[in-house]
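Shown next: start-v7.cif, given as mmCIF, C-alpha atoms and all ligand atoms.
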data_coords
loop_
_atom_site.label_atom_id
_atom_site.label_comp_id
_atom_site.auth_asym_id
_atom_site.auth_seq_id
_atom_site.Cartn_x
_atom_site.Cartn_y
_atom_site.Cartn_z
CA MET A 1 -20.61 -17.56 -34.68
CA ARG A 2 -24.01 -18.43 -33.33
CA PHE A 3 -26.44 -18.60 -36.23
CA THR A 4 -24.37 -19.75 -39.16
CA HIS A 5 -24.09 -23.27 -37.84
CA ARG A 6 -27.58 -23.90 -39.12
CA ARG A 7 -26.63 -22.77 -42.56
CA ALA A 8 -23.44 -24.77 -42.51
CA ARG A 9 -25.31 -27.85 -41.38
CA ASP A 10 -27.96 -27.40 -43.95
CA SER A 11 -25.54 -27.00 -46.82
CA ARG A 12 -23.73 -29.65 -46.24
CA LEU A 13 -2.74 -35.73 -20.62
CA ILE A 14 -1.20 -34.55 -20.29
CA ALA A 15 -4.20 -33.62 -18.16
CA SER A 16 -2.73 -35.09 -15.05
CA PHE A 17 -4.14 -34.61 -11.60
CA ALA A 18 -1.14 -32.50 -10.76
CA LEU A 19 -2.06 -30.10 -13.51
CA LEU A 20 -5.65 -30.05 -12.41
CA ALA A 21 -4.58 -29.22 -8.92
CA LEU A 22 -2.30 -26.50 -10.27
CA THR A 23 -5.00 -24.84 -12.31
CA GLY A 24 -7.90 -25.54 -10.04
CA ALA A 25 -10.22 -25.89 -13.04
CA CYS A 26 -11.64 -29.25 -12.16
CA SER A 27 -15.39 -28.94 -12.01
CA SER A 28 -17.11 -31.74 -13.87
CA SER A 29 -20.55 -30.24 -13.56
CA ARG A 30 -22.31 -29.05 -16.69
CA ALA A 31 -23.97 -26.30 -14.74
CA ALA A 32 -22.25 -22.97 -14.20
CA SER A 33 -19.20 -23.75 -12.13
CA PRO A 34 -17.77 -21.49 -9.47
CA LEU A 35 -14.77 -19.42 -10.47
CA PRO A 36 -11.65 -21.55 -10.58
CA PRO A 37 -9.14 -20.13 -8.15
CA ALA A 38 -6.35 -18.17 -9.76
CA PRO A 39 -2.91 -19.78 -9.37
CA THR A 40 -1.19 -18.72 -6.20
CA ALA A 41 1.68 -17.19 -8.11
CA GLN A 42 0.27 -15.08 -10.92
CA LEU A 43 1.98 -15.54 -14.24
CA GLN A 44 3.82 -12.39 -15.10
CA GLY A 45 4.08 -13.04 -18.82
CA PRO A 46 2.65 -15.22 -21.58
CA SER A 47 1.47 -18.73 -20.73
CA ASP A 48 4.38 -20.22 -22.67
CA PRO A 49 7.50 -19.59 -20.59
CA ASN A 50 9.57 -20.11 -23.76
CA ALA A 51 7.57 -17.79 -25.98
CA THR A 52 9.70 -16.20 -28.72
CA PRO A 53 10.88 -12.62 -28.13
CA GLU A 54 8.34 -11.25 -30.64
CA THR A 55 5.53 -13.25 -29.02
CA ARG A 56 6.46 -12.01 -25.56
CA ALA A 57 6.65 -8.47 -26.90
CA LEU A 58 3.22 -8.79 -28.48
CA PHE A 59 1.77 -10.07 -25.20
CA PHE A 60 3.12 -7.20 -23.13
CA ASN A 61 2.44 -4.56 -25.76
CA LEU A 62 -1.17 -5.63 -26.23
CA ARG A 63 -1.77 -5.85 -22.50
CA ARG A 64 -0.44 -2.37 -22.00
CA LEU A 65 -1.99 -0.82 -25.10
CA ALA A 66 -5.40 -2.12 -23.99
CA ARG A 67 -5.48 0.59 -21.33
CA GLU A 68 -5.47 3.28 -24.02
CA HIS A 69 -6.55 1.80 -27.32
CA VAL A 70 -8.60 -0.87 -29.06
CA LEU A 71 -7.22 -2.48 -32.22
CA PHE A 72 -9.75 -2.99 -35.00
CA GLY A 73 -9.67 -6.43 -36.66
CA HIS A 74 -11.38 -8.28 -39.50
CA GLN A 75 -11.58 -11.96 -40.44
CA ASP A 76 -10.19 -12.97 -43.87
CA ASP A 77 -9.64 -9.31 -44.69
CA LEU A 78 -6.99 -9.78 -47.39
CA ALA A 79 -8.37 -12.95 -48.98
CA TYR A 80 -11.68 -11.71 -50.31
CA GLY A 81 -14.38 -9.14 -49.81
CA TYR A 82 -17.97 -8.45 -50.63
CA ASP A 83 -17.40 -8.35 -54.38
CA TRP A 84 -13.85 -9.54 -55.03
CA VAL A 85 -11.69 -12.61 -54.41
CA ALA A 86 -7.91 -12.81 -53.98
CA GLU A 87 -6.94 -9.51 -55.58
CA PRO A 88 -3.52 -8.30 -54.43
CA GLY A 89 -3.59 -5.33 -52.08
CA ARG A 90 -7.35 -5.29 -51.65
CA SER A 91 -9.19 -5.10 -48.34
CA ASP A 92 -12.78 -4.02 -47.72
CA VAL A 93 -11.67 -2.41 -44.47
CA LYS A 94 -8.97 -0.40 -46.22
CA GLU A 95 -11.23 0.63 -49.07
CA SER A 96 -13.92 1.86 -46.69
CA SER A 97 -11.79 3.31 -43.87
CA GLY A 98 -8.49 4.33 -45.50
CA SER A 99 -6.36 1.74 -43.69
CA TYR A 100 -5.91 -1.97 -43.38
CA PRO A 101 -7.18 -3.37 -40.10
CA ALA A 102 -4.78 -3.62 -37.18
CA LEU A 103 -5.60 -7.28 -36.65
CA TYR A 104 -6.23 -10.08 -39.14
CA GLY A 105 -8.28 -13.18 -38.38
CA TRP A 106 -7.66 -16.40 -40.32
CA GLU A 107 -9.28 -19.81 -40.24
CA VAL A 108 -7.45 -23.11 -40.67
CA SER A 109 -10.22 -25.70 -40.87
CA GLY A 110 -9.08 -28.19 -43.54
CA ILE A 111 -5.36 -28.02 -42.79
CA GLU A 112 -5.70 -31.21 -40.71
CA LYS A 113 -6.85 -33.18 -43.75
CA ASP A 114 -4.32 -31.81 -46.21
CA SER A 115 -6.96 -29.80 -48.00
CA PRO A 116 -5.40 -27.11 -50.22
CA ARG A 117 -8.14 -24.68 -49.16
CA ASN A 118 -9.90 -23.93 -45.91
CA ILE A 119 -13.59 -24.31 -45.14
CA ASP A 120 -14.31 -20.98 -46.85
CA GLY A 121 -12.26 -21.65 -49.98
CA VAL A 122 -9.14 -19.73 -48.91
CA ASP A 123 -5.98 -21.29 -50.33
CA PHE A 124 -3.55 -22.14 -47.53
CA GLN A 125 -0.44 -21.11 -49.49
CA ARG A 126 -1.95 -17.73 -50.26
CA MET A 127 -3.10 -17.45 -46.65
CA ARG A 128 0.51 -17.83 -45.54
CA GLN A 129 1.52 -14.97 -47.84
CA TRP A 130 -1.29 -12.76 -46.54
CA ILE A 131 -0.31 -13.56 -42.97
CA VAL A 132 3.28 -12.56 -43.72
CA GLU A 133 2.09 -9.40 -45.47
CA GLY A 134 -0.10 -8.28 -42.57
CA TYR A 135 2.59 -9.07 -40.02
CA GLN A 136 5.24 -7.19 -41.95
CA ARG A 137 3.03 -4.11 -42.01
CA GLY A 138 2.88 -4.38 -38.21
CA GLY A 139 -0.52 -6.08 -37.87
CA VAL A 140 -1.57 -8.76 -35.41
CA ILE A 141 -2.50 -12.28 -36.55
CA THR A 142 -5.18 -14.44 -34.93
CA ILE A 143 -6.23 -17.92 -36.06
CA SER A 144 -9.35 -19.98 -35.38
CA TRP A 145 -9.98 -23.66 -36.15
CA HIS A 146 -13.42 -25.03 -36.96
CA LEU A 147 -12.26 -28.65 -36.75
CA ASP A 148 -14.61 -31.31 -38.12
CA ASN A 149 -16.26 -33.63 -35.61
CA PRO A 150 -13.55 -36.24 -34.96
CA LEU A 151 -16.07 -38.97 -34.20
CA THR A 152 -18.57 -38.61 -37.04
CA ARG A 153 -16.38 -36.72 -39.55
CA GLY A 154 -19.28 -34.31 -39.89
CA ASN A 155 -18.37 -30.63 -39.76
CA ALA A 156 -17.75 -28.50 -36.65
CA TRP A 157 -21.50 -27.95 -36.29
CA ASP A 158 -22.19 -31.68 -35.97
CA THR A 159 -22.80 -31.63 -32.22
CA THR A 160 -22.40 -35.36 -31.59
CA SER A 161 -20.47 -35.52 -28.32
CA ALA A 162 -16.84 -36.30 -29.18
CA VAL A 163 -14.36 -34.60 -26.86
CA SER A 164 -13.83 -37.62 -24.57
CA THR A 165 -12.85 -39.71 -27.62
CA ILE A 166 -9.89 -37.49 -28.49
CA LEU A 167 -8.46 -37.08 -25.00
CA PRO A 168 -5.56 -39.33 -23.93
CA GLY A 169 -6.95 -42.86 -23.67
CA GLY A 170 -9.82 -42.09 -26.07
CA ALA A 171 -10.45 -44.11 -29.24
CA HIS A 172 -9.61 -41.16 -31.51
CA HIS A 173 -6.71 -39.72 -29.55
CA ALA A 174 -3.98 -40.89 -31.93
CA GLU A 175 -5.91 -39.53 -34.90
CA PHE A 176 -6.37 -36.23 -33.09
CA LYS A 177 -2.63 -35.96 -32.55
CA THR A 178 -2.11 -36.47 -36.29
CA LYS A 179 -4.45 -33.53 -36.89
CA LEU A 180 -2.53 -31.42 -34.40
CA ASP A 181 0.69 -32.46 -36.19
CA LYS A 182 -0.65 -31.10 -39.49
CA LEU A 183 -1.86 -27.92 -37.87
CA ALA A 184 1.54 -27.53 -36.19
CA SER A 185 3.40 -28.05 -39.48
CA TYR A 186 1.43 -25.23 -41.05
CA LEU A 187 1.85 -22.91 -38.08
CA ALA A 188 5.58 -23.61 -38.13
CA THR A 189 5.80 -22.26 -41.69
CA LEU A 190 4.52 -18.85 -40.61
CA ARG A 191 7.84 -17.03 -40.46
CA ALA A 192 9.14 -13.68 -41.61
CA PRO A 193 11.45 -10.85 -40.67
CA GLY A 194 9.49 -8.19 -38.78
CA LYS A 195 8.43 -4.70 -39.82
CA ASP A 196 11.84 -3.26 -39.08
CA GLY A 197 13.66 -6.05 -40.91
CA GLY A 198 15.87 -8.30 -38.83
CA THR A 199 16.08 -12.04 -39.15
CA ASP A 200 13.45 -14.49 -40.24
CA ALA A 201 11.52 -15.55 -37.12
CA PRO A 202 8.20 -17.24 -36.25
CA ILE A 203 5.25 -14.89 -36.63
CA PRO A 204 3.36 -14.52 -33.34
CA VAL A 205 -0.18 -15.85 -33.61
CA ILE A 206 -3.09 -15.48 -31.22
CA PHE A 207 -4.53 -18.99 -31.52
CA ARG A 208 -8.24 -19.19 -30.67
CA PRO A 209 -9.21 -22.85 -30.71
CA TRP A 210 -12.44 -24.35 -29.29
CA HIS A 211 -14.22 -21.00 -29.36
CA GLU A 212 -17.83 -20.27 -28.41
CA LEU A 213 -17.70 -23.19 -26.01
CA THR A 214 -20.67 -21.91 -24.03
CA GLY A 215 -22.91 -22.14 -27.09
CA GLY A 216 -24.53 -25.33 -28.27
CA TRP A 217 -23.54 -25.20 -31.92
CA PHE A 218 -20.05 -26.76 -31.98
CA TRP A 219 -19.25 -30.35 -30.99
CA TRP A 220 -16.75 -29.13 -28.38
CA GLY A 221 -19.37 -26.91 -26.73
CA LEU A 222 -20.18 -27.45 -23.07
CA PRO A 223 -23.71 -28.67 -23.69
CA HIS A 224 -22.10 -31.72 -25.34
CA THR A 225 -18.93 -31.98 -23.24
CA LYS A 226 -18.20 -32.14 -19.55
CA ASN A 227 -16.56 -28.96 -18.29
CA GLN A 228 -13.55 -30.90 -17.09
CA GLU A 229 -13.16 -32.64 -20.44
CA PHE A 230 -13.22 -29.34 -22.23
CA ALA A 231 -10.52 -27.97 -19.94
CA GLU A 232 -8.46 -31.12 -20.51
CA LEU A 233 -8.84 -30.77 -24.27
CA TRP A 234 -7.57 -27.21 -24.04
CA ARG A 235 -4.60 -28.09 -21.90
CA PHE A 236 -3.71 -31.04 -24.09
CA THR A 237 -3.86 -28.87 -27.21
CA ALA A 238 -1.66 -26.16 -25.72
CA LEU A 239 0.89 -28.49 -24.17
CA TYR A 240 1.13 -30.67 -27.27
CA LEU A 241 1.71 -27.71 -29.60
CA ARG A 242 4.15 -26.15 -27.18
CA ASN A 243 6.12 -29.11 -25.87
CA GLU A 244 5.80 -31.84 -28.50
CA LYS A 245 5.73 -29.61 -31.58
CA GLY A 246 8.00 -26.88 -30.23
CA LEU A 247 5.73 -23.99 -31.22
CA HIS A 248 6.58 -20.97 -29.12
CA ASN A 249 4.91 -18.31 -31.24
CA LEU A 250 1.39 -18.88 -29.93
CA LEU A 251 -0.69 -16.88 -27.50
CA TYR A 252 -3.91 -18.66 -26.55
CA ALA A 253 -7.29 -16.92 -26.65
CA TYR A 254 -10.14 -18.41 -24.61
CA ALA A 255 -13.36 -17.15 -26.20
CA PRO A 256 -16.74 -18.17 -24.80
CA ASN A 257 -19.83 -16.61 -26.35
CA GLU A 258 -22.65 -14.74 -24.71
CA ALA A 259 -24.61 -17.27 -22.64
CA GLY A 260 -26.85 -17.47 -19.60
CA SER A 261 -28.83 -14.80 -17.86
CA THR A 262 -25.93 -12.41 -17.40
CA GLY A 263 -24.28 -13.23 -20.71
CA VAL A 264 -21.16 -14.34 -18.85
CA ASP A 265 -22.37 -16.52 -16.00
CA THR A 266 -21.00 -19.69 -17.59
CA TYR A 267 -17.94 -17.93 -19.00
CA LEU A 268 -15.41 -19.79 -16.86
CA SER A 269 -17.13 -23.19 -16.98
CA GLY A 270 -14.54 -24.72 -19.30
CA TYR A 271 -11.64 -22.53 -18.22
CA PRO A 272 -8.39 -24.49 -18.42
CA GLY A 273 -6.58 -22.27 -15.92
CA ASP A 274 -4.41 -19.19 -16.11
CA TRP A 275 -1.37 -21.21 -17.13
CA TYR A 276 -2.90 -22.05 -20.51
CA VAL A 277 -4.52 -18.79 -21.56
CA ASP A 278 -3.21 -15.39 -22.66
CA VAL A 279 -6.28 -13.63 -23.99
CA LEU A 280 -9.69 -13.62 -22.32
CA GLY A 281 -11.96 -13.16 -25.29
CA TYR A 282 -15.66 -12.80 -25.78
CA ASP A 283 -17.84 -13.53 -28.82
CA ARG A 284 -21.14 -11.72 -29.13
CA TYR A 285 -23.05 -10.46 -32.15
CA LEU A 286 -25.74 -7.84 -32.56
CA ASP A 287 -28.75 -7.87 -34.81
CA PRO A 288 -31.24 -5.11 -35.40
CA PRO A 289 -33.15 -3.66 -33.76
CA VAL A 290 -30.47 -3.03 -31.15
CA SER A 291 -31.94 -1.54 -27.99
CA ASP A 292 -30.18 0.64 -25.44
CA ALA A 293 -30.70 -2.19 -22.96
CA GLN A 294 -28.73 -4.54 -25.23
CA ILE A 295 -25.93 -2.02 -25.50
CA ARG A 296 -25.83 -1.65 -21.74
CA SER A 297 -25.83 -5.39 -21.11
CA PHE A 298 -23.05 -5.87 -23.68
CA THR A 299 -20.98 -3.17 -21.93
CA ARG A 300 -21.52 -4.88 -18.57
CA GLU A 301 -20.36 -8.21 -20.02
CA LEU A 302 -17.25 -6.66 -21.54
CA SER A 303 -16.44 -4.95 -18.25
CA TRP A 304 -16.73 -8.30 -16.52
CA VAL A 305 -14.32 -9.87 -19.01
CA VAL A 306 -11.87 -6.98 -18.60
CA ARG A 307 -12.02 -7.28 -14.81
CA GLN A 308 -11.32 -11.02 -15.04
CA ALA A 309 -8.48 -10.48 -17.49
CA GLU A 310 -6.83 -7.70 -15.52
CA SER A 311 -7.02 -9.62 -12.25
CA ARG A 312 -5.35 -12.60 -13.94
CA GLY A 313 -2.71 -10.68 -15.88
CA LYS A 314 -4.37 -11.52 -19.24
CA ILE A 315 -5.34 -9.55 -22.34
CA PRO A 316 -9.07 -8.82 -22.67
CA ALA A 317 -10.60 -8.75 -26.16
CA LEU A 318 -13.87 -8.78 -28.08
CA THR A 319 -12.76 -11.70 -30.23
CA GLU A 320 -15.79 -11.85 -32.56
CA THR A 321 -18.62 -9.44 -33.10
CA GLY A 322 -20.59 -7.53 -35.69
CA MET A 323 -24.00 -7.11 -37.21
CA THR A 324 -24.91 -9.30 -40.20
CA ALA A 325 -24.77 -7.15 -43.35
CA VAL A 326 -24.21 -4.05 -41.16
CA ARG A 327 -27.88 -3.17 -41.60
CA ASP A 328 -27.56 -0.03 -39.51
CA SER A 329 -25.81 2.86 -41.29
CA SER A 330 -24.53 4.25 -37.98
CA PHE A 331 -23.62 0.86 -36.53
CA TRP A 332 -20.02 1.85 -35.84
CA THR A 333 -20.47 5.01 -33.82
CA GLN A 334 -23.98 4.43 -32.47
CA ARG A 335 -23.75 0.73 -31.61
CA LEU A 336 -20.24 -0.71 -31.48
CA ALA A 337 -18.40 2.31 -30.05
CA PRO A 338 -21.00 2.96 -27.30
CA ILE A 339 -20.71 -0.68 -26.20
CA ILE A 340 -16.94 -0.53 -25.97
CA GLU A 341 -16.82 3.01 -24.59
CA GLY A 342 -19.73 2.32 -22.25
CA ASP A 343 -17.68 2.48 -19.08
CA SER A 344 -14.13 2.83 -17.86
CA LEU A 345 -13.51 -0.93 -17.91
CA SER A 346 -15.22 -2.04 -21.10
CA ARG A 347 -13.03 0.33 -23.10
CA ARG A 348 -9.92 -1.45 -21.84
CA ILE A 349 -10.17 -4.34 -24.31
CA ALA A 350 -7.11 -4.78 -26.51
CA TYR A 351 -8.98 -5.49 -29.72
CA VAL A 352 -12.31 -6.01 -31.40
CA MET A 353 -12.66 -8.26 -34.44
CA VAL A 354 -15.60 -8.35 -36.83
CA TRP A 355 -16.31 -11.48 -38.84
CA ARG A 356 -15.73 -12.11 -42.53
CA ASN A 357 -17.14 -10.38 -45.60
CA ALA A 358 -18.33 -13.45 -47.45
CA ASN A 359 -18.20 -12.90 -51.18
CA ARG A 360 -21.69 -12.32 -52.45
CA VAL A 361 -21.25 -14.47 -55.57
CA GLY A 362 -23.14 -17.71 -55.15
CA ARG A 363 -24.85 -16.68 -51.91
CA THR A 364 -28.50 -15.99 -51.43
CA ASP A 365 -28.00 -14.35 -48.05
CA GLU A 366 -25.85 -11.40 -47.00
CA HIS A 367 -22.99 -12.52 -44.79
CA PHE A 368 -20.62 -9.62 -44.25
CA PHE A 369 -19.62 -7.76 -41.10
CA ALA A 370 -17.31 -4.94 -42.20
CA PRO A 371 -18.26 -2.21 -44.67
CA TYR A 372 -16.95 -2.22 -48.22
CA ARG A 373 -16.46 0.76 -50.51
CA GLY A 374 -19.87 2.30 -51.13
CA HIS A 375 -21.64 0.54 -48.27
CA LYS A 376 -24.13 2.71 -46.42
CA SER A 377 -22.13 2.58 -43.17
CA GLU A 378 -18.88 3.69 -44.84
CA GLN A 379 -18.98 7.31 -43.60
CA ASP A 380 -19.78 6.14 -40.11
CA PHE A 381 -16.93 3.64 -40.26
CA ARG A 382 -14.54 6.49 -41.09
CA ARG A 383 -15.81 8.28 -38.00
CA LEU A 384 -14.99 5.20 -35.94
CA LYS A 385 -11.50 5.21 -37.41
CA ALA A 386 -11.13 8.88 -36.45
CA ASP A 387 -12.02 8.05 -32.82
CA PRO A 388 -8.62 8.04 -31.04
CA LEU A 389 -9.61 4.99 -29.03
CA PHE A 390 -9.61 2.75 -32.11
CA LEU A 391 -6.40 1.89 -33.92
CA PHE A 392 -6.15 0.66 -37.48
CA GLU A 393 -2.94 -0.56 -39.05
CA ASP A 394 -1.71 2.90 -40.09
CA GLU A 395 -1.76 4.03 -36.45
CA LEU A 396 -0.03 1.07 -34.82
CA PRO A 397 3.10 1.34 -32.72
CA ASN A 398 5.59 -1.48 -33.21
CA LEU A 399 3.93 -4.26 -31.22
CA TYR A 400 6.84 -6.65 -31.67
CA ARG A 401 9.52 -4.53 -30.09
CA PRO A 402 10.39 -5.60 -26.53
CA ALA A 403 8.21 -3.66 -24.14
CA PRO A 404 7.97 -2.87 -20.45
CA THR A 405 6.38 -5.89 -18.81
CA ARG A 406 3.82 -3.92 -16.80
C1 LIG A 501 -19.01 -19.10 -39.76
C2 LIG A 501 -19.58 -18.67 -41.09
C3 LIG A 501 -19.36 -19.80 -42.07
C4 LIG A 501 -17.86 -20.15 -42.10
C5 LIG A 501 -17.31 -20.42 -40.72
C6 LIG A 501 -15.82 -20.66 -40.67
O1 LIG A 501 -19.25 -18.17 -38.78
O2 LIG A 501 -18.97 -17.49 -41.55
O3 LIG A 501 -19.81 -19.42 -43.34
O4 LIG A 501 -17.65 -21.28 -42.90
O5 LIG A 501 -17.62 -19.32 -39.88
O6 LIG A 501 -15.10 -19.55 -41.11
#
Now that the file is in, can you turn its structure into structure tokens?
Ligand code: BMA
Amino acid sequence: MRFTHRRARDSRLIASFALLALTGACSSSRAASPLPPAPTAQLQGPSDPNATPETRALFFNLRRLAREHVLFGHQDDLAYGYDWVAEPGRSDVKESSGSYPALYGWEVSGIEKDSPRNIDGVDFQRMRQWIVEGYQRGGVITISWHLDNPLTRGNAWDTTSAVSTILPGGAHHAEFKTKLDKLASYLATLRAPGKDGGTDAPIPVIFRPWHELTGGWFWWGLPHTKNQEFAELWRFTALYLRNEKGLHNLLYAYAPNEAGSTGVDTYLSGYPGDWYVDVLGYDRYLDPPVSDAQIRSFTRELSWVVRQAESRGKIPALTETGMTAVRDSSFWTQRLAPIIEGDSLSRRIAYVMVWRNANRVGRTDEHFFAPYRGHKSEQDFRRLKADPLFLFEDELPNLYRPAPTR
């Protein structure tokens, strides 16, 4: 997210010309690039032609469900909350709404250096158990990766330009592959029988690497990387995980942040092409005072993303949002819902995910984005849950059962 990079900093090809031609995403300009042409034959399913049955089912189910409903998601929901850490069964979303969220976000920064815990102190073994737990209740899993700067070894917010050094031919390419190997090993351990039992199978994951690329706060961001290099990095990542590591349980979420005069005018600048993306996401936060004009502009941006996604056969989503410390007691029904329900397109996103509820112990600031029991927006959050548009885990259909493909 946009503003925390300052805090974090303070405290501490496969890309062949043939592929470029295929995807059309080959602008090297740092300025807003024109829309890359969609492939001539639109992909009818997930970007991985060998996606597992559950992953294919999730893709089609989410794409279809998006026309009627929006899944509510929360980062690190089961690992900790505003005033607790790693207590079995707990969830701030459940304790304030009555249900677990429908979608769980997790973060794997640290897995590439064999760290036992991620960047936010979440133990990777426990994370696996929580991922299994959420999946077995029918929830959706999404994973982000705030990878350290591969050139300087600073953190993800060290904006020293580095992408060209990890592409094929770059000085740090081999090292980057080792990091992908470690990530892949962890992802490969995410397995479980589904909600209705059955055999042990890979858990589908919506992988959201290299997010907020249109912002300036991560080293992979477009201000520090040529558009074409970013697209190559994306394609390399996807093809390596898919073809070299044999991971077929991943859907890929491309998630630029609000940027430029329209909020989305640079959205496609780093786009790797329709053959490498399943979810067209968008990251945008709100801070008080939120004006009606902001709500309207946010709705317009979401509509734009939905239009892009639908025309490309992808799943649209609001991949990160929220208001720091939910300072507005009617944030859910007077801010978030009006944005999403603002017009007939914006409401067709498949999911919305709010960021983590950082534990307050040891922090001087407030860094939480969902309510917790007793928070002043709790009643309003229950009203959001009662809105038939929004689905929490207790209202989910089985998203992993083979579905009509349209
Ligand atoms: C940011 C903040 C940081 C955190 C990072 C990775 O947005 O929440 O505190 O370390 O995400 O999860």
Could you list, as an NGL selection string, all the residues within 10 Å of ligand LIG 501 (chain A), counting all atoms listed in the file? :A and (1-8 or 75-76 or 105-109 or 118-122 or 144-147 or 155-157 or 320 or 355-358 or 367-369)
Non-local contacts of stretch 244-246 of chain A (8 Å; all atoms listed in the file; under 5 positions in same chain excluded) as number ranges by chain: A: 181, 184, 239
Write the residues of the selection above to a file with C-alpha atoms, as an mmCIF file, in the frame of the given file.
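Output (out-v6.cif):
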data_model
loop_
_atom_site.group_PDB
_atom_site.id
_atom_site.type_symbol
_atom_site.label_atom_id
_atom_site.label_comp_id
_atom_site.auth_asym_id
_atom_site.auth_seq_id
_atom_site.Cartn_x
_atom_site.Cartn_y
_atom_site.Cartn_z
ATOM 1 C CA ASP A 181 0.690 -32.460 -36.190
ATOM 2 C CA ALA A 184 1.540 -27.530 -36.190
ATOM 3 C CA LEU A 239 0.890 -28.490 -24.170
#
Report the distance between atom CA of A:Ala403 and atom CA of A:Val205 in Å, rounded to one decimal place.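 Interatomic distance, atom CA of A:Ala403 to atom CA of A:Val205: 17.6 Å.
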Would you pick out the contacts of A:Ala350 at 7 Å or less, using only C-alpha atoms, so that residues sharing its chain but fewer than 6 positions from it are not included, and give the list as a list in words?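 In the requested form, the answer reads Leu62, Arg63, Leu65, Ala66, His69, Val70, Leu71, Ile315, Pro316 and Ala317 of chain A.
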Would you mind reading off the distance between atom CA of A:Glu212 and atom CA of A:Ser303, one decimal, in Å? 18.4 Å
Restricting the calculation to only C-alpha atoms, which member of A:Asn50, A:Thr237, A:Thr364, A:Thr225 is positioned closest to A:Phe176? A:Thr237
Shell of 6 Å around stretch 273-290 of chain A, all atoms listed in the file, local chain residues under 6 positions omitted, as an NGL selection string: :A and (23 or 25 or 46-47 or 251-258 or 309 or 314-323)
